[in-house]
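Heads up, entry-v4.cif below (mmCIF, C-alpha atoms; chains and numbers go by the auth columns):
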data_structure
loop_
_atom_site.group_PDB
_atom_site.id
_atom_site.type_symbol
_atom_site.label_atom_id
_atom_site.label_comp_id
_atom_site.label_asym_id
_atom_site.label_seq_id
_atom_site.Cartn_x
_atom_site.Cartn_y
_atom_site.Cartn_z
_atom_site.B_iso_or_equiv
_atom_site.auth_seq_id
_atom_site.auth_asym_id
ATOM 1 C CA MET A 1 29.103 112.115 100.366 0.00 1 A
ATOM 2 C CA MET A 2 29.851 108.379 100.120 0.00 2 A
ATOM 3 C CA GLY A 3 27.080 105.880 100.029 0.00 3 A
ATOM 4 C CA SER A 4 26.997 103.014 102.514 0.00 4 A
ATOM 5 C CA GLY A 5 28.398 100.505 99.996 0.00 5 A
ATOM 6 C CA ALA A 6 31.285 102.782 99.016 0.00 6 A
ATOM 7 C CA MET A 7 32.082 103.429 102.688 0.00 7 A
ATOM 8 C CA ASP A 8 32.113 99.664 103.390 0.00 8 A
ATOM 9 C CA THR A 9 34.484 99.140 100.440 0.00 9 A
ATOM 10 C CA ALA A 10 36.772 101.980 101.566 0.00 10 A
ATOM 11 C CA MET A 11 36.757 100.634 105.137 0.00 11 A
ATOM 12 C CA ALA A 12 37.549 97.114 103.927 0.00 12 A
ATOM 13 C CA ARG A 13 40.429 98.475 101.838 0.00 13 A
ATOM 14 C CA ALA A 14 41.781 100.478 104.783 0.00 14 A
ATOM 15 C CA GLN A 15 41.590 97.445 107.083 0.00 15 A
ATOM 16 C CA ALA A 16 43.386 95.300 104.511 0.00 16 A
ATOM 17 C CA ILE A 17 46.168 97.880 104.239 0.00 17 A
ATOM 18 C CA LEU A 18 46.521 98.155 108.006 0.00 18 A
ATOM 19 C CA ALA A 19 46.276 94.424 108.686 0.00 19 A
ATOM 20 C CA ASP A 20 49.478 92.520 109.420 0.00 20 A
ATOM 21 C CA ASP A 21 50.836 90.620 106.466 0.00 21 A
ATOM 22 C CA PRO A 22 50.283 86.901 107.206 0.00 22 A
ATOM 23 C CA ASP A 23 53.819 86.117 106.042 0.00 23 A
ATOM 24 C CA GLU A 24 55.230 88.736 108.426 0.00 24 A
ATOM 25 C CA VAL A 25 53.143 87.362 111.293 0.00 25 A
ATOM 26 C CA ALA A 26 54.366 83.827 110.554 0.00 26 A
ATOM 27 C CA ALA A 27 57.985 85.030 110.340 0.00 27 A
ATOM 28 C CA LYS A 28 57.692 86.842 113.696 0.00 28 A
ATOM 29 C CA GLU A 29 56.128 83.776 115.312 0.00 29 A
ATOM 30 C CA ARG A 30 58.909 81.557 113.911 0.00 30 A
ATOM 31 C CA GLN A 31 61.576 83.984 115.138 0.00 31 A
ATOM 32 C CA ALA A 32 60.063 83.935 118.639 0.00 32 A
ATOM 33 C CA GLN A 33 59.935 80.127 118.557 0.00 33 A
ATOM 34 C CA VAL A 34 63.592 79.887 117.436 0.00 34 A
ATOM 35 C CA GLU A 35 64.667 82.339 120.156 0.00 35 A
ATOM 36 C CA GLU A 36 62.847 80.299 122.813 0.00 36 A
ATOM 37 C CA THR A 37 64.407 77.068 121.520 0.00 37 A
ATOM 38 C CA GLY A 38 67.804 78.775 121.464 0.00 38 A
ATOM 39 C CA SER A 39 67.423 79.791 125.110 0.00 39 A
ATOM 40 C CA ARG A 40 66.596 76.197 126.085 0.00 40 A
ATOM 41 C CA ILE A 41 69.606 74.927 124.104 0.00 41 A
ATOM 42 C CA ILE A 42 71.921 77.353 125.910 0.00 42 A
ATOM 43 C CA GLU A 43 70.506 76.198 129.263 0.00 43 A
ATOM 44 C CA VAL A 44 71.369 72.606 128.311 0.00 44 A
ATOM 45 C CA LEU A 45 74.838 73.547 127.052 0.00 45 A
ATOM 46 C CA ARG A 46 75.503 75.138 130.437 0.00 46 A
ATOM 47 C CA THR A 47 75.086 71.695 132.023 0.00 47 A
ATOM 48 C CA VAL A 48 77.999 70.214 130.034 0.00 48 A
ATOM 49 C CA TYR A 49 81.474 70.464 131.554 0.00 49 A
ATOM 50 C CA ASP A 50 84.979 69.748 130.391 0.00 50 A
ATOM 51 C CA PRO A 51 86.036 67.289 133.127 0.00 51 A
ATOM 52 C CA GLU A 52 89.380 69.018 133.631 0.00 52 A
ATOM 53 C CA ILE A 53 87.955 72.538 134.032 0.00 53 A
ATOM 54 C CA PRO A 54 85.213 73.434 136.553 0.00 54 A
ATOM 55 C CA VAL A 55 83.391 75.691 134.054 0.00 55 A
ATOM 56 C CA ASN A 56 80.706 74.694 131.563 0.00 56 A
ATOM 57 C CA ILE A 57 81.504 74.558 127.853 0.00 57 A
ATOM 58 C CA TYR A 58 79.261 77.527 127.037 0.00 58 A
ATOM 59 C CA GLU A 59 81.007 79.860 129.503 0.00 59 A
ATOM 60 C CA LEU A 60 84.385 78.509 128.352 0.00 60 A
ATOM 61 C CA GLY A 61 83.603 79.857 124.879 0.00 61 A
ATOM 62 C CA LEU A 62 83.773 76.436 123.218 0.00 62 A
ATOM 63 C CA ILE A 63 80.413 76.906 121.470 0.00 63 A
ATOM 64 C CA TYR A 64 80.947 78.978 118.348 0.00 64 A
ATOM 65 C CA LYS A 65 77.525 78.702 116.697 0.00 65 A
ATOM 66 C CA VAL A 66 74.046 77.256 117.284 0.00 66 A
ATOM 67 C CA ASP A 67 71.737 77.162 114.244 0.00 67 A
ATOM 68 C CA VAL A 68 68.108 76.092 114.444 0.00 68 A
ATOM 69 C CA GLU A 69 67.218 74.942 110.933 0.00 69 A
ATOM 70 C CA ASP A 70 63.762 75.247 109.324 0.00 70 A
ATOM 71 C CA ASP A 71 62.989 71.613 110.218 0.00 71 A
ATOM 72 C CA ASP A 72 63.990 72.273 113.882 0.00 72 A
ATOM 73 C CA ARG A 73 67.232 70.320 113.532 0.00 73 A
ATOM 74 C CA VAL A 74 70.088 72.026 115.325 0.00 74 A
ATOM 75 C CA VAL A 75 73.648 72.356 114.096 0.00 75 A
ATOM 76 C CA VAL A 76 76.205 73.216 116.770 0.00 76 A
ATOM 77 C CA GLU A 77 79.695 74.358 115.818 0.00 77 A
ATOM 78 C CA MET A 78 82.117 74.020 118.665 0.00 78 A
ATOM 79 C CA THR A 79 85.759 73.595 119.402 0.00 79 A
ATOM 80 C CA LEU A 80 87.782 71.988 122.161 0.00 80 A
ATOM 81 C CA THR A 81 90.444 73.527 124.358 0.00 81 A
ATOM 82 C CA SER A 82 92.989 71.394 122.483 0.00 82 A
ATOM 83 C CA PRO A 83 93.010 68.764 119.723 0.00 83 A
ATOM 84 C CA HIS A 84 94.349 66.359 122.346 0.00 84 A
ATOM 85 C CA CYS A 85 91.466 67.004 124.759 0.00 85 A
ATOM 86 C CA PRO A 86 90.695 63.745 126.619 0.00 86 A
ATOM 87 C CA VAL A 87 86.948 64.109 125.899 0.00 87 A
ATOM 88 C CA ALA A 88 87.359 64.825 122.175 0.00 88 A
ATOM 89 C CA GLU A 89 85.687 61.508 121.351 0.00 89 A
ATOM 90 C CA THR A 90 82.806 61.690 123.841 0.00 90 A
ATOM 91 C CA LEU A 91 81.935 65.366 124.316 0.00 91 A
ATOM 92 C CA PRO A 92 80.357 65.980 120.869 0.00 92 A
ATOM 93 C CA GLY A 93 78.108 62.918 121.330 0.00 93 A
ATOM 94 C CA GLU A 94 77.032 64.095 124.781 0.00 94 A
ATOM 95 C CA ILE A 95 76.170 67.507 123.357 0.00 95 A
ATOM 96 C CA GLU A 96 74.221 65.957 120.452 0.00 96 A
ATOM 97 C CA GLN A 97 72.149 63.871 122.888 0.00 97 A
ATOM 98 C CA LYS A 98 71.439 66.725 125.276 0.00 98 A
ATOM 99 C CA VAL A 99 70.549 69.259 122.560 0.00 99 A
ATOM 100 C CA ALA A 100 68.381 66.710 120.706 0.00 100 A
ATOM 101 C CA SER A 101 66.410 66.181 123.925 0.00 101 A
ATOM 102 C CA VAL A 102 65.448 69.874 124.147 0.00 102 A
ATOM 103 C CA GLU A 103 61.752 70.537 123.555 0.00 103 A
ATOM 104 C CA GLY A 104 61.219 71.789 120.009 0.00 104 A
ATOM 105 C CA VAL A 105 64.421 70.213 118.620 0.00 105 A
ATOM 106 C CA SER A 106 64.041 67.429 116.047 0.00 106 A
ATOM 107 C CA GLY A 107 67.703 66.380 116.035 0.00 107 A
ATOM 108 C CA CYS A 108 71.230 67.673 116.465 0.00 108 A
ATOM 109 C CA GLU A 109 74.538 67.568 114.641 0.00 109 A
ATOM 110 C CA VAL A 110 77.736 68.734 116.322 0.00 110 A
ATOM 111 C CA LYS A 111 80.602 69.911 114.148 0.00 111 A
ATOM 112 C CA VAL A 112 83.985 70.248 115.839 0.00 112 A
ATOM 113 C CA VAL A 113 85.959 73.069 114.225 0.00 113 A
ATOM 114 C CA TRP A 114 89.458 74.332 114.893 0.00 114 A
ATOM 115 C CA ASP A 115 89.226 77.756 113.301 0.00 115 A
ATOM 116 C CA PRO A 116 89.468 80.057 115.066 0.00 116 A
ATOM 117 C CA PRO A 117 91.589 78.189 117.592 0.00 117 A
ATOM 118 C CA TRP A 118 90.238 78.438 121.124 0.00 118 A
ATOM 119 C CA ASN A 119 92.105 80.568 123.628 0.00 119 A
ATOM 120 C CA PRO A 120 91.306 81.562 127.220 0.00 120 A
ATOM 121 C CA SER A 121 90.208 85.086 126.227 0.00 121 A
ATOM 122 C CA MET A 122 87.108 83.485 124.637 0.00 122 A
ATOM 123 C CA MET A 123 85.728 82.657 128.087 0.00 123 A
ATOM 124 C CA THR A 124 82.991 84.778 129.610 0.00 124 A
ATOM 125 C CA GLU A 125 84.039 87.197 132.339 0.00 125 A
ATOM 126 C CA GLU A 126 82.388 84.920 134.892 0.00 126 A
ATOM 127 C CA ALA A 127 84.469 81.943 133.743 0.00 127 A
ATOM 128 C CA GLN A 128 87.648 84.032 133.774 0.00 128 A
ATOM 129 C CA LEU A 129 86.903 85.173 137.324 0.00 129 A
ATOM 130 C CA GLU A 130 86.126 81.635 138.470 0.00 130 A
ATOM 131 C CA LEU A 131 89.412 80.353 137.062 0.00 131 A
ATOM 132 C CA GLY A 132 91.377 83.445 138.154 0.00 132 A
ATOM 133 C CA MET A 133 92.310 84.257 134.560 0.00 133 A
ATOM 134 C CA ILE A 134 91.480 87.830 133.572 0.00 134 A
ATOM 135 C CA TYR A 135 92.160 88.905 129.960 0.00 135 A
#
Show me this structure written as structure tokens.
Amino acid sequence: MMGSGAMDTAMARAQAILADDPDEVAAKERQAQVEETGSRIIEVLRTVYDPEIPVNIYELGLIYKVDVEDDDRVVVEMTLTSPHCPVAETLPGEIEQKVASVEGVSGCEVKVVWDPPWNPSMMTEEAQLELGMIY
């Protein structure tokens, strides 16, 4: 039979084994925070429109990637419907401002990329329906 001190030691060891690893807890909390920030960023991106198309840039499939960095800076990779898009000069700046204003974001950089080239099949089903273009 174990003495009281041995039982306390065994119980402490068992609790330590069963306890959540502080690094895992911190990683899960950070993941939840990034997911929440990502949701807010997507909400903001859905308020930005290409002036020639009555669908927001997110539903158009122009946003290729949104990364929330460790310092809460956001890097957005996006494309345009065409290199000659009339808002090519202003749209990235508008997106940077709007994303940077999202709670939990410390800044934003927008990178315009051309690979892969955008095509209408990249739109969400909702955008395709709205524009009468089913792929």
Using the chain letters and numbering of this document, enumerate as a count of residues only the residues selected by the PyMOL selection byres ((chain A and resi 98) around 9).
14
Atom CA of A:Glu89 to atom CA of A:Met123, straight-line distance in Å
22.2 Å
Selection under test: the PyMOL selection byres ((chain A and resi 52) around 10); residues as a PyMOL selection string
chain A and resi 49-51+53-55+85-87
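Using all atoms listed in the file, the residues found no farther than 12 Å from A:Val113, other than those of its own chain fewer than 3 positions away, are Leu62, Ile63, Tyr64, Lys65, Val76, Glu77, Met78, Thr79, Leu80, Thr81, Ser82, Pro83, Ala88, Pro92, Val110, Pro116, Pro117 and Trp118 of chain A.
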Between A:Glu69, A:Glu59, A:Asp8, A:Glu29, which residue has the minimum interatomic distance to A:Glu43, considering all atoms listed in the file?
A:Glu59
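For A:Ile42, the list of residues within 8 Å, based on all atoms listed in the file and with local chain neighbours fewer than 4 positions off taken out, reads Gly38, Arg46 and Tyr58 of chain A.
Taking atom CA of A:Ser106 as the reference point, atom CA of A:Arg73 is found at 5.0 Å.
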